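Below: upload-v6.txt (compact mmCIF, C-alpha atoms)
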# COMPACT_ATOMS: atom_id res chain seq x y z
CA GLY Y 1 -140.72 -114.16 -4.09
CA GLY Y 2 -139.24 -113.94 -0.60
CA GLN Y 3 -138.26 -110.68 1.09
CA PRO Y 4 -134.62 -109.58 0.59
CA THR Y 5 -132.69 -110.11 3.87
CA GLU Y 6 -131.69 -106.81 5.49
CA SER Y 7 -127.90 -106.72 5.76
CA LYS Y 8 -126.53 -105.77 9.19
CA PRO Y 9 -123.80 -103.09 9.31
CA VAL Y 10 -120.13 -104.01 9.41
CA ALA Y 11 -117.93 -102.90 12.34
CA LYS Y 12 -115.73 -99.88 11.60
CA LEU Y 13 -112.62 -99.42 13.76
CA THR Y 14 -110.86 -96.06 14.11
CA ALA Y 15 -107.98 -94.91 16.27
CA GLU Y 16 -106.65 -91.64 17.55
CA PRO Y 17 -103.75 -91.06 16.89
CA ALA Y 18 -104.36 -92.34 13.37
CA VAL Y 19 -102.27 -95.15 11.97
CA ASP Y 20 -98.97 -93.78 10.56
CA ALA Y 21 -99.31 -90.49 12.49
CA LYS Y 22 -95.98 -88.81 13.28
CA ASP Y 23 -94.89 -86.33 16.02
CA VAL Y 24 -97.87 -87.27 18.18
CA PRO Y 25 -98.21 -85.25 21.44
CA VAL Y 26 -97.48 -87.40 24.51
CA ARG Y 27 -100.11 -86.12 26.94
CA ARG Y 28 -103.27 -86.96 25.01
CA PRO Y 29 -104.71 -90.43 25.57
CA ILE Y 30 -104.88 -93.04 22.82
CA THR Y 31 -108.45 -93.99 21.86
CA VAL Y 32 -109.68 -96.92 19.81
CA ARG Y 33 -113.35 -96.76 18.76
CA VAL Y 34 -115.78 -99.00 16.96
CA ALA Y 35 -118.94 -97.99 15.14
CA ASP Y 36 -121.68 -100.63 14.64
CA GLY Y 37 -120.04 -103.22 16.85
CA ALA Y 38 -118.26 -104.00 20.09
CA LEU Y 39 -114.52 -104.20 20.79
CA THR Y 40 -113.35 -107.68 21.68
CA TYR Y 41 -109.62 -107.02 22.04
CA VAL Y 42 -107.37 -103.95 22.16
CA LYS Y 43 -103.64 -103.97 22.72
CA VAL Y 44 -101.26 -101.07 22.14
CA THR Y 45 -97.58 -101.95 22.58
CA ASN Y 46 -94.38 -99.94 22.65
CA ALA Y 47 -91.23 -100.88 20.74
CA ASP Y 48 -90.19 -103.21 23.57
CA GLY Y 49 -93.49 -105.09 23.30
CA LYS Y 50 -94.81 -103.70 26.58
CA ALA Y 51 -98.55 -103.01 26.64
CA VAL Y 52 -99.93 -99.55 27.33
CA ALA Y 53 -102.49 -99.62 30.17
CA GLY Y 54 -106.07 -98.72 29.27
CA SER Y 55 -109.72 -99.66 29.70
CA PHE Y 56 -113.02 -100.09 27.86
CA ASN Y 57 -116.17 -98.05 28.39
CA ALA Y 58 -119.32 -99.87 29.58
CA ASP Y 59 -120.63 -100.94 26.15
CA ARG Y 60 -117.12 -101.69 24.80
CA THR Y 61 -117.34 -99.15 21.99
CA VAL Y 62 -114.30 -97.15 23.15
CA TRP Y 63 -110.94 -98.11 24.64
CA THR Y 64 -108.89 -95.31 26.26
CA SER Y 65 -105.27 -95.47 27.41
CA SER Y 66 -104.27 -94.39 30.92
CA ASP Y 67 -100.46 -94.46 30.63
CA VAL Y 68 -98.49 -91.39 29.63
CA LEU Y 69 -96.64 -91.89 26.35
CA GLY Y 70 -92.88 -91.58 25.99
CA TYR Y 71 -91.05 -89.10 23.77
CA GLY Y 72 -89.69 -90.38 20.45
CA LYS Y 73 -91.40 -93.76 20.67
CA THR Y 74 -93.31 -95.98 18.23
CA TYR Y 75 -96.55 -97.67 19.35
CA THR Y 76 -98.35 -100.49 17.53
CA TYR Y 77 -102.09 -101.22 17.44
CA ALA Y 78 -103.74 -104.65 17.54
CA ALA Y 79 -107.52 -104.39 17.92
CA THR Y 80 -110.50 -106.53 16.96
CA ALA Y 81 -114.23 -105.94 17.13
CA THR Y 82 -117.37 -107.89 16.30
CA GLY Y 83 -119.81 -106.07 14.04
CA ALA Y 84 -123.59 -106.12 14.29
CA ASP Y 85 -123.27 -108.58 11.37
CA GLY Y 86 -121.50 -110.98 13.74
CA LYS Y 87 -118.29 -110.76 11.73
CA PRO Y 88 -114.88 -109.71 13.10
CA ALA Y 89 -113.08 -106.53 12.02
CA GLN Y 90 -109.50 -105.62 12.73
CA LEU Y 91 -107.20 -102.63 13.14
CA SER Y 92 -103.40 -102.73 12.97
CA GLY Y 93 -100.54 -100.36 12.26
CA SER Y 94 -98.41 -97.96 14.26
CA PHE Y 95 -97.79 -94.31 15.07
CA SER Y 96 -94.84 -92.41 16.58
CA THR Y 97 -94.60 -89.68 19.20
CA LEU Y 98 -92.72 -86.40 18.98
CA THR Y 99 -88.98 -86.24 19.67
CA PRO Y 100 -87.89 -83.17 21.68
CA SER Y 101 -84.97 -81.13 20.36
CA GLN Y 102 -83.89 -81.00 24.01
CA GLN Y 103 -85.25 -82.46 27.26
CA ILE Y 104 -85.19 -79.91 30.06
CA ARG Y 105 -85.09 -80.82 33.73
CA VAL Y 106 -87.50 -78.98 36.01
CA THR Y 107 -87.04 -78.57 39.77
CA VAL Y 108 -89.31 -77.03 42.36
CA ASN Y 109 -88.46 -75.51 45.73
CA PRO Y 110 -89.27 -75.74 48.68
CA ALA Y 111 -88.66 -79.48 48.86
CA ASP Y 112 -91.30 -82.00 49.94
CA ASN Y 113 -92.35 -81.71 53.59
CA ALA Y 114 -90.18 -78.64 54.25
CA GLU Y 115 -91.34 -76.16 56.86
CA VAL Y 116 -90.62 -72.61 55.76
CA GLY Y 117 -91.19 -69.00 56.78
CA VAL Y 118 -94.09 -66.75 55.72
CA GLY Y 119 -92.01 -64.95 53.06
CA MET Y 120 -90.88 -68.09 51.23
CA PRO Y 121 -91.45 -67.95 47.46
CA VAL Y 122 -92.16 -71.09 45.43
CA SER Y 123 -89.49 -71.42 42.71
CA VAL Y 124 -89.76 -73.51 39.55
CA LYS Y 125 -86.41 -73.70 37.75
CA PHE Y 126 -85.49 -75.05 34.31
CA THR Y 127 -82.14 -76.28 32.94
CA GLY Y 128 -82.92 -74.54 29.63
CA ASP Y 129 -84.66 -71.36 28.46
CA VAL Y 130 -88.45 -71.23 28.38
CA ALA Y 131 -89.96 -69.30 25.46
CA ASN Y 132 -93.60 -70.42 25.88
CA LYS Y 133 -93.93 -68.77 29.29
CA ALA Y 134 -97.69 -68.33 29.29
CA GLU Y 135 -98.36 -71.96 28.39
CA VAL Y 136 -95.94 -73.12 31.09
CA GLU Y 137 -97.45 -70.80 33.70
CA LYS Y 138 -100.96 -72.11 32.97
CA ALA Y 139 -99.75 -75.63 33.76
CA LEU Y 140 -98.60 -74.59 37.25
CA ALA Y 141 -101.04 -75.06 40.12
CA ILE Y 142 -100.92 -73.93 43.75
CA GLU Y 143 -103.34 -75.30 46.33
CA THR Y 144 -103.43 -73.90 49.86
CA SER Y 145 -105.38 -75.03 52.90
CA LYS Y 146 -106.53 -71.41 53.32
CA HIS Y 147 -107.29 -68.94 50.50
CA VAL Y 148 -104.18 -66.99 49.46
CA GLU Y 149 -103.94 -64.29 46.80
CA GLY Y 150 -100.70 -64.57 44.87
CA SER Y 151 -99.09 -64.48 41.45
CA TRP Y 152 -96.41 -66.21 39.39
CA GLY Y 153 -93.58 -63.99 38.17
CA TRP Y 154 -90.74 -64.75 35.77
CA LEU Y 155 -87.35 -63.77 37.20
CA SER Y 156 -85.53 -65.05 34.11
CA ASP Y 157 -86.04 -67.36 31.12
CA ARG Y 158 -85.19 -70.23 33.49
CA GLN Y 159 -87.07 -69.37 36.69
CA VAL Y 160 -90.66 -68.59 37.62
CA ASP Y 161 -91.61 -67.88 41.25
CA PHE Y 162 -94.95 -67.75 43.05
CA ARG Y 163 -95.30 -65.13 45.74
CA PRO Y 164 -98.37 -64.30 47.83
CA LYS Y 165 -99.57 -60.67 47.80
CA GLU Y 166 -99.03 -60.47 51.57
CA TYR Y 167 -96.98 -62.93 53.60
CA TRP Y 168 -98.38 -66.47 53.69
CA PRO Y 169 -100.82 -67.20 56.52
CA ALA Y 170 -99.01 -69.09 59.32
CA ASN Y 171 -99.29 -72.88 59.65
CA ILE Y 172 -100.90 -73.69 56.30
CA GLN Y 173 -100.23 -76.50 53.84
CA VAL Y 174 -99.13 -75.62 50.28
CA ASN Y 175 -99.27 -78.10 47.36
CA VAL Y 176 -97.55 -77.23 44.09
CA GLY Y 177 -98.10 -79.10 40.82
CA ALA Y 178 -96.03 -78.43 37.69
CA LYS Y 179 -97.59 -80.67 35.03
CA LEU Y 180 -95.07 -79.74 32.38
CA TYR Y 181 -94.30 -83.08 30.70
CA GLY Y 182 -95.42 -82.93 27.08
CA ILE Y 183 -95.66 -79.13 26.93
CA ASP Y 184 -93.49 -77.44 24.30
CA LEU Y 185 -91.33 -75.04 26.30
CA GLY Y 186 -90.34 -73.37 23.05
CA GLY Y 187 -88.14 -74.30 20.10
CA GLY Y 188 -89.03 -77.97 20.40
CA ALA Y 189 -87.64 -78.29 23.94
CA TYR Y 190 -89.80 -80.30 26.36
CA ALA Y 191 -89.80 -80.94 30.09
CA ARG Y 192 -88.37 -84.31 31.08
CA ALA Y 193 -91.07 -84.93 33.69
CA ASP Y 194 -93.82 -83.42 35.81
CA VAL Y 195 -92.73 -82.18 39.24
CA SER Y 196 -94.63 -81.44 42.43
CA THR Y 197 -94.01 -80.58 46.06
CA LYS Y 198 -96.01 -80.21 49.24
CA PHE Y 199 -94.72 -78.16 52.14
CA LYS Y 200 -95.83 -76.31 55.24
CA ILE Y 201 -95.67 -72.65 56.19
CA GLY Y 202 -94.53 -72.42 59.81
CA ARG Y 203 -95.13 -69.78 62.46
CA ASN Y 204 -95.12 -66.11 61.45
CA GLN Y 205 -91.68 -64.69 62.33
CA VAL Y 206 -90.55 -61.38 60.83
CA VAL Y 207 -87.26 -59.55 61.46
CA LYS Y 208 -87.26 -55.74 61.30
CA ILE Y 209 -84.11 -53.63 61.22
CA HIS Y 210 -84.05 -49.83 60.97
CA THR Y 211 -80.32 -49.57 60.25
CA THR Y 212 -79.65 -46.33 62.13
CA ASP Y 213 -81.14 -47.75 65.37
CA HIS Y 214 -78.50 -50.52 65.74
CA LEU Y 215 -81.21 -52.95 66.87
CA MET Y 216 -82.64 -56.07 65.24
CA HIS Y 217 -86.22 -56.76 66.32
CA VAL Y 218 -87.88 -60.18 65.98
CA TYR Y 219 -91.67 -60.40 65.78
CA ARG Y 220 -93.73 -63.56 66.29
CA GLY Y 221 -97.33 -63.42 65.12
CA GLY Y 222 -97.04 -59.63 65.01
CA ALA Y 223 -95.74 -59.23 68.60
CA LYS Y 224 -92.14 -58.22 69.36
CA VAL Y 225 -90.40 -61.12 71.14
CA LYS Y 226 -86.70 -60.19 70.92
CA SER Y 227 -84.49 -57.17 70.30
CA TYR Y 228 -80.82 -57.80 69.65
CA PRO Y 229 -78.16 -55.07 69.43
CA CYS Y 230 -76.54 -55.12 65.97
CA SER Y 231 -74.04 -53.36 63.77
CA ASN Y 232 -75.10 -52.91 60.14
CA GLY Y 233 -73.39 -51.67 56.97
CA LEU Y 234 -71.13 -48.64 57.38
CA ASP Y 235 -73.29 -45.51 57.02
CA ALA Y 236 -70.63 -43.30 55.39
CA ASP Y 237 -70.09 -45.57 52.34
CA VAL Y 238 -73.36 -46.19 50.45
CA ASN Y 239 -71.84 -49.26 48.79
CA ARG Y 240 -71.30 -50.73 52.25
CA ASN Y 241 -74.81 -49.92 53.54
CA THR Y 242 -77.09 -52.82 54.42
CA PRO Y 243 -79.63 -52.39 51.58
CA ASN Y 244 -83.27 -51.43 52.19
CA GLY Y 245 -85.97 -53.87 51.25
CA THR Y 246 -87.73 -57.05 52.26
CA PHE Y 247 -85.42 -60.05 52.08
CA VAL Y 248 -85.88 -63.64 53.23
CA VAL Y 249 -83.60 -66.01 55.07
CA MET Y 250 -82.23 -68.05 52.13
CA SER Y 251 -79.86 -70.45 53.89
CA LYS Y 252 -78.48 -71.19 57.36
CA GLU Y 253 -74.80 -72.02 57.84
CA PRO Y 254 -73.49 -72.78 61.37
CA SER Y 255 -70.08 -71.67 60.13
CA ALA Y 256 -69.39 -69.51 57.06
CA ILE Y 257 -66.24 -68.24 55.38
CA PHE Y 258 -66.39 -64.61 54.25
CA ASP Y 259 -64.17 -63.24 51.50
CA ASN Y 260 -64.32 -59.74 50.08
CA ALA Y 261 -61.15 -58.91 48.17
CA ARG Y 262 -62.49 -55.44 47.41
CA TYR Y 263 -62.42 -54.60 51.11
CA GLY Y 264 -59.24 -56.48 51.84
CA TYR Y 265 -60.41 -59.45 53.86
CA THR Y 266 -60.35 -63.14 52.99
CA ASN Y 267 -61.05 -66.40 54.74
CA VAL Y 268 -62.80 -64.80 57.73
CA ASN Y 269 -64.76 -67.44 59.63
CA LYS Y 270 -68.03 -66.34 61.28
CA LYS Y 271 -70.66 -68.42 63.06
CA TRP Y 272 -74.44 -68.68 62.94
CA ALA Y 273 -74.79 -67.14 59.49
CA CYS Y 274 -78.24 -66.65 57.93
CA ARG Y 275 -77.95 -65.55 54.29
CA ILE Y 276 -80.51 -62.89 53.33
CA SER Y 277 -79.37 -62.09 49.77
CA ASN Y 278 -77.14 -63.32 46.97
CA HIS Y 279 -75.65 -59.87 46.99
CA GLY Y 280 -73.60 -61.01 50.01
CA GLU Y 281 -75.72 -59.97 52.99
CA PHE Y 282 -75.94 -62.22 56.06
CA ILE Y 283 -77.07 -61.93 59.64
CA HIS Y 284 -74.16 -63.47 61.57
CA GLU Y 285 -72.02 -63.50 64.69
CA ASN Y 286 -69.18 -61.01 64.74
CA GLN Y 287 -67.77 -61.11 68.24
CA ASP Y 288 -64.65 -59.31 66.86
CA ASN Y 289 -66.87 -56.27 66.30
CA ALA Y 290 -68.43 -56.40 69.80
CA ALA Y 291 -67.33 -52.84 70.64
CA ASN Y 292 -69.52 -51.43 67.87
CA ILE Y 293 -72.52 -53.76 68.09
CA GLY Y 294 -75.57 -51.80 69.23
CA LYS Y 295 -73.69 -48.51 68.79
CA VAL Y 296 -72.17 -47.94 65.35
CA ASN Y 297 -72.69 -49.37 61.86
CA THR Y 298 -69.29 -50.65 60.70
CA SER Y 299 -69.90 -53.77 58.59
CA HIS Y 300 -69.58 -54.34 54.84
CA GLY Y 301 -73.36 -54.76 54.55
CA CYS Y 302 -73.97 -57.71 56.86
CA VAL Y 303 -75.87 -57.54 60.12
CA ASN Y 304 -73.42 -58.29 62.94
CA LEU Y 305 -74.68 -59.77 66.23
CA LEU Y 306 -72.97 -60.84 69.45
CA GLU Y 307 -72.28 -64.58 69.47
CA ALA Y 308 -74.95 -65.63 71.99
CA ASP Y 309 -77.57 -63.51 70.20
CA ALA Y 310 -76.53 -64.81 66.78
CA LYS Y 311 -76.93 -68.41 67.99
CA ASN Y 312 -80.28 -67.59 69.61
CA PHE Y 313 -81.57 -65.99 66.42
CA PHE Y 314 -80.12 -68.74 64.18
CA ASP Y 315 -81.95 -71.40 66.20
CA SER Y 316 -85.24 -69.49 65.88
CA ALA Y 317 -85.05 -68.84 62.13
CA LEU Y 318 -86.65 -70.75 59.27
CA ILE Y 319 -85.67 -70.52 55.61
CA GLY Y 320 -88.20 -68.08 54.14
CA ASP Y 321 -88.55 -65.82 57.19
CA PRO Y 322 -88.88 -62.20 56.02
CA VAL Y 323 -86.23 -59.64 56.98
CA GLU Y 324 -87.45 -56.06 56.51
CA ILE Y 325 -84.69 -53.46 56.34
CA THR Y 326 -85.29 -49.69 56.40
CA GLY Y 327 -83.26 -46.56 57.17
CA SER Y 328 -80.47 -47.19 54.68
CA ARG Y 329 -79.41 -45.01 51.75
CA LEU Y 330 -78.92 -48.10 49.59
CA GLY Y 331 -81.87 -49.45 47.60
CA GLY Y 332 -82.52 -53.17 47.27
CA PRO Y 333 -80.27 -55.15 44.92
CA VAL Y 334 -81.95 -55.52 41.53
CA ASN Y 335 -80.14 -58.72 40.54
CA SER Y 336 -80.71 -60.82 43.66
CA ASP Y 337 -81.97 -64.37 43.18
CA VAL Y 338 -84.73 -63.73 45.69
CA MET Y 339 -86.04 -60.30 44.73
CA ASP Y 340 -89.69 -61.36 45.00
CA TRP Y 341 -90.39 -58.95 47.91
CA LEU Y 342 -88.14 -56.13 46.65
CA VAL Y 343 -90.80 -54.93 44.22
CA SER Y 344 -94.36 -53.69 44.71
CA TRP Y 345 -97.29 -56.08 44.28
CA SER Y 346 -98.27 -54.52 40.95
CA ALA Y 347 -94.68 -54.74 39.68
CA TRP Y 348 -94.61 -58.39 40.78
CA GLN Y 349 -97.89 -59.15 38.97
CA ALA Y 350 -96.45 -57.55 35.82
CA LYS Y 351 -93.82 -60.33 35.79
CA SER Y 352 -96.54 -62.90 35.06
CA ALA Y 353 -96.79 -64.09 31.45
CA VAL Y 354 -100.54 -64.81 31.72

Take the structure I supplied and represent it as structure tokens, if you would.
Amino acid sequence: GGQPTESKPVAKLTAEPAVDAKDVPVRRPITVRVADGALTYVKVTNADGKAVAGSFNADRTVWTSSDVLGYGKTYTYAATATGADGKPAQLSGSFSTLTPSQQIRVTVNPADNAEVGVGMPVSVKFTGDVANKAEVEKALAIETSKHVEGSWGWLSDRQVDFRPKEYWPANIQVNVGAKLYGIDLGGGAYARADVSTKFKIGRNQVVKIHTTDHLMHVYRGGAKVKSYPCSNGLDADVNRNTPNGTFVVMSKEPSAIFDNARYGYTNVNKKWACRISNHGEFIHENQDNAANIGKVNTSHGCVNLLEADAKNFFDSALIGDPVEITGSRLGGPVNSDVMDWLVSWSAWQAKSAV
């Protein structure tokens, strides 16, 4: 009697996601594995017949995809392996990925390669409401060329901003990554794509105005470099005061049209306008008010400068430069788009969802 021949094991193929799986998350890679054998061929195709990119490990026991999967798509497996018994084994079948109830667009500001001031917040905005704020916040990353303490804060269900505790260090690089594709934003809504930006913080320039002094001081790197005479919001009417608080230059318009029906003026054209709040405050030229500039506060909340000074300041300003206003009876607007610096650091941190 001869010895019974020892049978060699048969290859066993498995896949993740499993065949026939539904609502598969799109961020996790596809893996095809073999036990007791080696993979000879793996192809995963989408509905259009296009192959998903991927690669084998060294001993060809695992194949892993490297492409990101699409929403609401069906993928089909075709894989073969040779078992230790020398015989082929196969895997076939398909799975489908989740379909969002809504695809939400995400944008990030500042834009790529922008140069901005030391008070500039990073803003991530969504075209739909975000319910899963903590999960979203954890997927946001900030890298700086110098260590910066800061925090994300939710200004609304559609906007989360990052603000440093103190102003940004001058002349650093900031990289922002929002890897939000595939994350449930809440209620089955998903981000359409990942977004990122890389930008530079410029020189440190800070504007300081103590409203009752009728002077606007400009500091570079902590040293006073300019003082311009100005006229601020009318002192007698609190609603016309230039509000206290730390604002940032939000936009620069060489020519701006001002309308304020409440105070009886429309279509007034002023030059060299730097917007500092969505509440309607600008630093701008008002040559028509020259008699009061440097002497009396007469504006409707804006900071009026003489034309040459307004142009000089406009040319020196970057979006994101801080403007610190004190001496007014009016507190900072609570509903401004850029209220990141109008609250204390602890109040800002409390706006984080993490």

Closest-contact table, range 92-144 of chain Y side, partner range 200-211 of chain Y, 6 Å, counting all atoms listed in the file, as a tab-separated table:
residue	atom	partner	partner_atom	distance
Y:Glu115	CA	Y:Lys200	CA	4.8
Y:Val116	CA	Y:Ile201	CA	5.1
Y:Gly117	CA	Y:Gly202	CA	5.7
Y:Val118	CA	Y:Asn204	CA	5.9

Write the residues of the selection above to a file with C-alpha atoms, as a tab-separated table (two decimals), keeping the file's coordinate frame.
chain	number	residue	atom	x	y	z
Y	115	GLU	CA	-91.34	-76.16	56.86
Y	116	VAL	CA	-90.62	-72.61	55.76
Y	117	GLY	CA	-91.19	-69.00	56.78
Y	118	VAL	CA	-94.09	-66.75	55.72

- Residue nearest Arg220 in chain Y - candidates Y:Gln287, Y:Thr242, Y:Ser316, Y:Asn232, atoms counted: all atoms listed in the file: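 Ranked by minimum distance to Arg220 in chain Y, first place goes to Y:Ser316.
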
Write out as JSON lines a residue-level contact list of range 101-168 of chain Y versus range 336-354 of chain Y with cut-off 7 Å: for each qualifying residue the closest pair of atoms and the distance in Å to one decimal, counting only C-alpha atoms, rows sorted by chain and residue number upward.
{"residue": "Y:Lys133", "atom": "CA", "partner": "Y:Ala353", "partner_atom": "CA", "distance": 5.9}
{"residue": "Y:Ala134", "atom": "CA", "partner": "Y:Ala353", "partner_atom": "CA", "distance": 4.8}
{"residue": "Y:Ser151", "atom": "CA", "partner": "Y:Gln349", "partner_atom": "CA", "distance": 6.0}
{"residue": "Y:Trp152", "atom": "CA", "partner": "Y:Ser352", "partner_atom": "CA", "distance": 5.5}
{"residue": "Y:Gly153", "atom": "CA", "partner": "Y:Lys351", "partner_atom": "CA", "distance": 4.4}
{"residue": "Y:Trp154", "atom": "CA", "partner": "Y:Lys351", "partner_atom": "CA", "distance": 5.4}
{"residue": "Y:Arg163", "atom": "CA", "partner": "Y:Asp340", "partner_atom": "CA", "distance": 6.8}
{"residue": "Y:Lys165", "atom": "CA", "partner": "Y:Trp345", "partner_atom": "CA", "distance": 6.2}

Go ahead and write the residues just picked, C-alpha atoms, as a tab-separated table (two decimals), keeping the file's coordinate frame.
chain	number	residue	atom	x	y	z
Y	133	LYS	CA	-93.93	-68.77	29.29
Y	134	ALA	CA	-97.69	-68.33	29.29
Y	151	SER	CA	-99.09	-64.48	41.45
Y	152	TRP	CA	-96.41	-66.21	39.39
Y	153	GLY	CA	-93.58	-63.99	38.17
Y	154	TRP	CA	-90.74	-64.75	35.77
Y	163	ARG	CA	-95.30	-65.13	45.74
Y	165	LYS	CA	-99.57	-60.67	47.80

- Query: If we count all atoms listed in the file, what is near Arg158 in chain Y at a cut-off of 10 Å, once residues fewer than 6 positions away on the same chain are taken out, given as a list in words?
  - Reply: Val106, Val124, Lys125, Phe126, Thr127, Gly128, Asp129, Val130, Ala131 and Lys133 of chain Y

- For range 26-31 of chain Y: contacts at 7 Å, only C-alpha atoms, fewer than 6 positions along chain excluded, given as a list in words: Ala15, Glu16, Pro17, Val62, Trp63, Thr64, Ser65, Ser66, Val68, Leu69, Gly70, Tyr71, Thr97 and Gly182 of chain Y

- Pick from Y:Ile183, Y:Val10, Y:Ala256, Y:Ile172 nearest to Pro88 in chain Y, counting all atoms listed in the file: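 Of the candidates, the smallest distance to Pro88 in chain Y is held by Y:Val10.
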